[in-house]
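Visitor: Shown below is the structure under consideration.
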Amino acid sequence: MRGGIHMNTGAFGDSVQEYVRASGYSQKELAGAIGLHPKVLSRKLNNSGNAHLTHLDVQRIVTALARWQAISTQDEAIHLLKLLR
(Lines give C-alpha, C1' and ligand atoms only; values in the text may rest on other atoms or scores of the structure.)
Protein backbone atom coordinates (compact mmCIF):
# COMPACT_ATOMS: atom_id res chain seq x y z
CA MET A 1 0.00 0.00 0.00
CA ARG A 2 2.20 2.82 -1.20
CA GLY A 3 1.38 6.13 0.42
CA GLY A 4 -0.98 4.58 2.95
CA ILE A 5 -0.69 5.25 6.66
CA HIS A 6 -1.03 2.03 8.61
CA MET A 7 -0.40 3.22 12.15
CA ASN A 8 -3.19 3.94 14.62
CA THR A 9 -5.82 5.13 12.15
CA GLY A 10 -8.61 3.99 14.49
CA ALA A 11 -7.75 6.56 17.17
CA PHE A 12 -7.18 9.21 14.49
CA GLY A 13 -10.54 8.43 12.87
CA ASP A 14 -12.34 8.54 16.21
CA SER A 15 -10.82 11.91 17.05
CA VAL A 16 -11.58 13.33 13.61
CA GLN A 17 -15.21 12.24 13.95
CA GLU A 18 -15.42 13.90 17.38
CA TYR A 19 -13.96 17.16 16.04
CA VAL A 20 -16.31 17.09 13.04
CA ARG A 21 -19.38 16.55 15.25
CA ALA A 22 -18.28 19.27 17.69
CA SER A 23 -17.84 21.71 14.81
CA GLY A 24 -21.42 21.26 13.62
CA TYR A 25 -20.34 19.72 10.32
CA SER A 26 -20.89 16.17 9.14
CA GLN A 27 -18.48 13.51 7.96
CA LYS A 28 -20.17 13.82 4.56
CA GLU A 29 -19.26 17.52 4.48
CA LEU A 30 -15.69 16.67 5.48
CA ALA A 31 -15.50 14.18 2.62
CA GLY A 32 -16.64 16.85 0.18
CA ALA A 33 -14.18 19.37 1.60
CA ILE A 34 -11.24 17.02 1.01
CA GLY A 35 -12.41 15.63 -2.33
CA LEU A 36 -13.40 12.10 -1.32
CA HIS A 37 -16.66 10.20 -1.63
CA PRO A 38 -18.22 9.92 1.86
CA LYS A 39 -18.07 6.11 1.80
CA VAL A 40 -14.39 6.19 0.81
CA LEU A 41 -13.61 8.58 3.67
CA SER A 42 -15.51 6.36 6.09
CA ARG A 43 -13.54 3.28 4.97
CA LYS A 44 -10.26 5.18 5.26
CA LEU A 45 -11.06 6.52 8.74
CA ASN A 46 -12.06 3.03 9.87
CA ASN A 47 -9.16 1.38 8.01
CA SER A 48 -11.58 -1.05 6.39
CA GLY A 49 -12.12 -2.42 2.93
CA ASN A 50 -8.40 -2.18 2.14
CA ALA A 51 -8.72 1.63 2.29
CA HIS A 52 -5.91 3.56 3.94
CA LEU A 53 -5.33 7.22 4.68
CA THR A 54 -2.59 8.84 2.65
CA HIS A 55 -0.42 11.67 3.87
CA LEU A 56 -2.38 13.99 1.57
CA ASP A 57 -5.69 12.79 3.08
CA VAL A 58 -4.39 13.57 6.57
CA GLN A 59 -3.12 16.99 5.50
CA ARG A 60 -6.48 17.83 3.92
CA ILE A 61 -8.43 16.59 6.95
CA VAL A 62 -6.36 18.64 9.41
CA THR A 63 -6.59 21.69 7.14
CA ALA A 64 -10.39 21.35 6.83
CA LEU A 65 -10.78 20.99 10.60
CA ALA A 66 -8.69 24.12 11.12
CA ARG A 67 -10.65 26.04 8.48
CA TRP A 68 -13.89 25.04 10.24
CA GLN A 69 -12.32 26.06 13.57
CA ALA A 70 -12.92 22.53 14.86
CA ILE A 71 -9.27 22.66 15.86
CA SER A 72 -7.78 26.01 16.67
CA THR A 73 -4.33 25.38 18.10
CA GLN A 74 -1.14 23.84 16.85
CA ASP A 75 -1.29 21.46 19.83
CA GLU A 76 -4.62 20.05 18.63
CA ALA A 77 -3.20 19.48 15.15
CA ILE A 78 -0.09 17.83 16.57
CA HIS A 79 -2.24 15.64 18.83
CA LEU A 80 -4.15 14.37 15.79
CA LEU A 81 -0.93 13.64 13.92
CA LYS A 82 0.58 11.84 16.91
CA LEU A 83 -2.42 9.50 16.95
CA LEU A 84 -1.15 8.06 13.67
CA ARG A 85 2.20 7.03 15.17
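Labels used: A, B, ... for chains in the order of the C-alpha coordinates, numbers from 1 for residues in each chain, and numbers from 1 for ligands as shown.
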Residues of chain A classed as strand (DSSP E) by DSSP on the backbone are to be reported as a ChimeraX atom specification.

Guide: /A:4-5,53-54

Visitor: I want to know what sits within 12 Å of Glu29 in chain A, based on only C-alpha atoms, with residues of the same chain fewer than 5 positions away left out; could you give that as a list in words?

Guide: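 Contacts, with the query itself left out: Gln17, Val20, Arg21, Ser23, Gly24, Ile34, Gly35, Leu36, His37, Pro38, Lys39, Leu41, Ser42, Ile61, Ala64, Leu65 and Trp68 of chain A.
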
Visitor: Filtering to N, CA, C and O atoms, could you give me those residues as a PDB file, in the first residue's frame?

Guide:
```
ATOM      1  N   GLN A  17     -13.741  12.256  13.883  1.00  0.00           N
ATOM      2  CA  GLN A  17     -15.209  12.242  13.946  1.00  0.00           C
ATOM      3  C   GLN A  17     -15.722  13.083  15.106  1.00  0.00           C
ATOM      4  O   GLN A  17     -16.722  13.796  14.963  1.00  0.00           O
ATOM      5  N   VAL A  20     -15.316  16.745  14.067  1.00  0.00           N
ATOM      6  CA  VAL A  20     -16.306  17.093  13.041  1.00  0.00           C
ATOM      7  C   VAL A  20     -17.669  17.323  13.694  1.00  0.00           C
ATOM      8  O   VAL A  20     -18.335  18.332  13.436  1.00  0.00           O
ATOM      9  N   ARG A  21     -18.089  16.404  14.565  1.00  0.00           N
ATOM     10  CA  ARG A  21     -19.380  16.552  15.254  1.00  0.00           C
ATOM     11  C   ARG A  21     -19.414  17.830  16.084  1.00  0.00           C
ATOM     12  O   ARG A  21     -20.396  18.570  16.067  1.00  0.00           O
ATOM     13  N   SER A  23     -17.870  20.511  15.635  1.00  0.00           N
ATOM     14  CA  SER A  23     -17.836  21.714  14.806  1.00  0.00           C
ATOM     15  C   SER A  23     -19.187  22.024  14.177  1.00  0.00           C
ATOM     16  O   SER A  23     -19.378  23.085  13.601  1.00  0.00           O
ATOM     17  N   GLY A  24     -20.119  21.057  14.241  1.00  0.00           N
ATOM     18  CA  GLY A  24     -21.424  21.260  13.624  1.00  0.00           C
ATOM     19  C   GLY A  24     -21.481  20.797  12.179  1.00  0.00           C
ATOM     20  O   GLY A  24     -22.502  20.944  11.517  1.00  0.00           O
ATOM     21  N   ILE A  34     -12.574  17.557   1.334  1.00  0.00           N
ATOM     22  CA  ILE A  34     -11.241  17.023   1.014  1.00  0.00           C
ATOM     23  C   ILE A  34     -11.233  16.236  -0.295  1.00  0.00           C
ATOM     24  O   ILE A  34     -10.222  15.649  -0.667  1.00  0.00           O
ATOM     25  N   GLY A  35     -12.369  16.224  -1.003  1.00  0.00           N
ATOM     26  CA  GLY A  35     -12.408  15.631  -2.327  1.00  0.00           C
ATOM     27  C   GLY A  35     -12.543  14.121  -2.370  1.00  0.00           C
ATOM     28  O   GLY A  35     -12.093  13.483  -3.317  1.00  0.00           O
ATOM     29  N   LEU A  36     -13.166  13.547  -1.341  1.00  0.00           N
ATOM     30  CA  LEU A  36     -13.398  12.104  -1.322  1.00  0.00           C
ATOM     31  C   LEU A  36     -14.889  11.814  -1.265  1.00  0.00           C
ATOM     32  O   LEU A  36     -15.663  12.611  -0.727  1.00  0.00           O
ATOM     33  N   HIS A  37     -15.289  10.663  -1.790  1.00  0.00           N
ATOM     34  CA  HIS A  37     -16.663  10.201  -1.626  1.00  0.00           C
ATOM     35  C   HIS A  37     -16.850   9.871  -0.147  1.00  0.00           C
ATOM     36  O   HIS A  37     -15.942   9.318   0.490  1.00  0.00           O
ATOM     37  N   PRO A  38     -18.008  10.185   0.433  1.00  0.00           N
ATOM     38  CA  PRO A  38     -18.221   9.924   1.864  1.00  0.00           C
ATOM     39  C   PRO A  38     -17.940   8.476   2.278  1.00  0.00           C
ATOM     40  O   PRO A  38     -17.384   8.239   3.354  1.00  0.00           O
ATOM     41  N   LYS A  39     -18.309   7.511   1.440  1.00  0.00           N
ATOM     42  CA  LYS A  39     -18.068   6.111   1.803  1.00  0.00           C
ATOM     43  C   LYS A  39     -16.579   5.786   1.782  1.00  0.00           C
ATOM     44  O   LYS A  39     -16.099   4.992   2.595  1.00  0.00           O
ATOM     45  N   LEU A  41     -14.153   7.980   2.453  1.00  0.00           N
ATOM     46  CA  LEU A  41     -13.607   8.579   3.672  1.00  0.00           C
ATOM     47  C   LEU A  41     -13.917   7.702   4.876  1.00  0.00           C
ATOM     48  O   LEU A  41     -13.044   7.458   5.711  1.00  0.00           O
ATOM     49  N   SER A  42     -15.128   7.215   4.961  1.00  0.00           N
ATOM     50  CA  SER A  42     -15.506   6.357   6.085  1.00  0.00           C
ATOM     51  C   SER A  42     -14.617   5.117   6.147  1.00  0.00           C
ATOM     52  O   SER A  42     -14.118   4.750   7.214  1.00  0.00           O
ATOM     53  N   ILE A  61      -7.514  16.696   5.811  1.00  0.00           N
ATOM     54  CA  ILE A  61      -8.432  16.590   6.954  1.00  0.00           C
ATOM     55  C   ILE A  61      -8.075  17.628   8.015  1.00  0.00           C
ATOM     56  O   ILE A  61      -8.936  18.362   8.502  1.00  0.00           O
ATOM     57  N   ALA A  64      -8.933  21.098   6.797  1.00  0.00           N
ATOM     58  CA  ALA A  64     -10.386  21.354   6.827  1.00  0.00           C
ATOM     59  C   ALA A  64     -10.860  21.599   8.253  1.00  0.00           C
ATOM     60  O   ALA A  64     -11.651  22.522   8.507  1.00  0.00           O
ATOM     61  N   LEU A  65     -10.379  20.800   9.200  1.00  0.00           N
ATOM     62  CA  LEU A  65     -10.781  20.993  10.600  1.00  0.00           C
ATOM     63  C   LEU A  65     -10.339  22.359  11.109  1.00  0.00           C
ATOM     64  O   LEU A  65     -11.079  23.022  11.839  1.00  0.00           O
ATOM     65  N   TRP A  68     -12.569  25.042   9.584  1.00  0.00           N
ATOM     66  CA  TRP A  68     -13.885  25.042  10.240  1.00  0.00           C
ATOM     67  C   TRP A  68     -13.793  25.445  11.707  1.00  0.00           C
ATOM     68  O   TRP A  68     -14.787  25.479  12.409  1.00  0.00           O
TER      69      TRP A  68
END
```

Visitor: Assign secondary structure with DSSP using the backbone only, and return the residues of range 2-84 of chain A in helix (DSSP H, G or I) as a count of residues only.

Guide: 54

Visitor: Residues within 12 Å of Ala66 in chain A, please, as a PyMOL selection string. Count only C-alpha atoms; anything in the same chain fewer than 6 positions from it doesn't count.

Guide: chain A and resi 16+19-20+23+30+33+59-60+72-78+80

Visitor: List the spatial neighbours of Thr9 in chain A as a list in words - criterion: any atom at most 9 Å away, only C-alpha atoms, same-chain residues fewer than 5 positions off excluded.

Guide: Asp14, Lys44, Leu45, Asn46, Asn47, His52, Leu53, Leu83, Leu84 and Arg85 of chain A

Visitor: Pick out the closest residue to Ala31 in chain A from this set: A:Ser15, A:Val58, A:Ile71, A:Lys82. Count only C-alpha atoms.

Guide: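 Checking each candidate against Ala31 in chain A, we get A:Val58 as the closest.
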
Visitor: Counting only C-alpha atoms, figure out which residue out of A:Gly10, A:Asp57, A:Ala70, A:Thr63 gets nearest to Ser26 in chain A.

Guide: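 Closest candidate: A:Ala70.
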
Visitor: If you measure from CA of Gly49 in chain A to CA of Arg67 in chain A, what distance in Å do you get, rounded to one decimal?

Guide: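 Atom-to-atom, CA of Gly49 in chain A and CA of Arg67 in chain A are spaced 29.0 Å apart.
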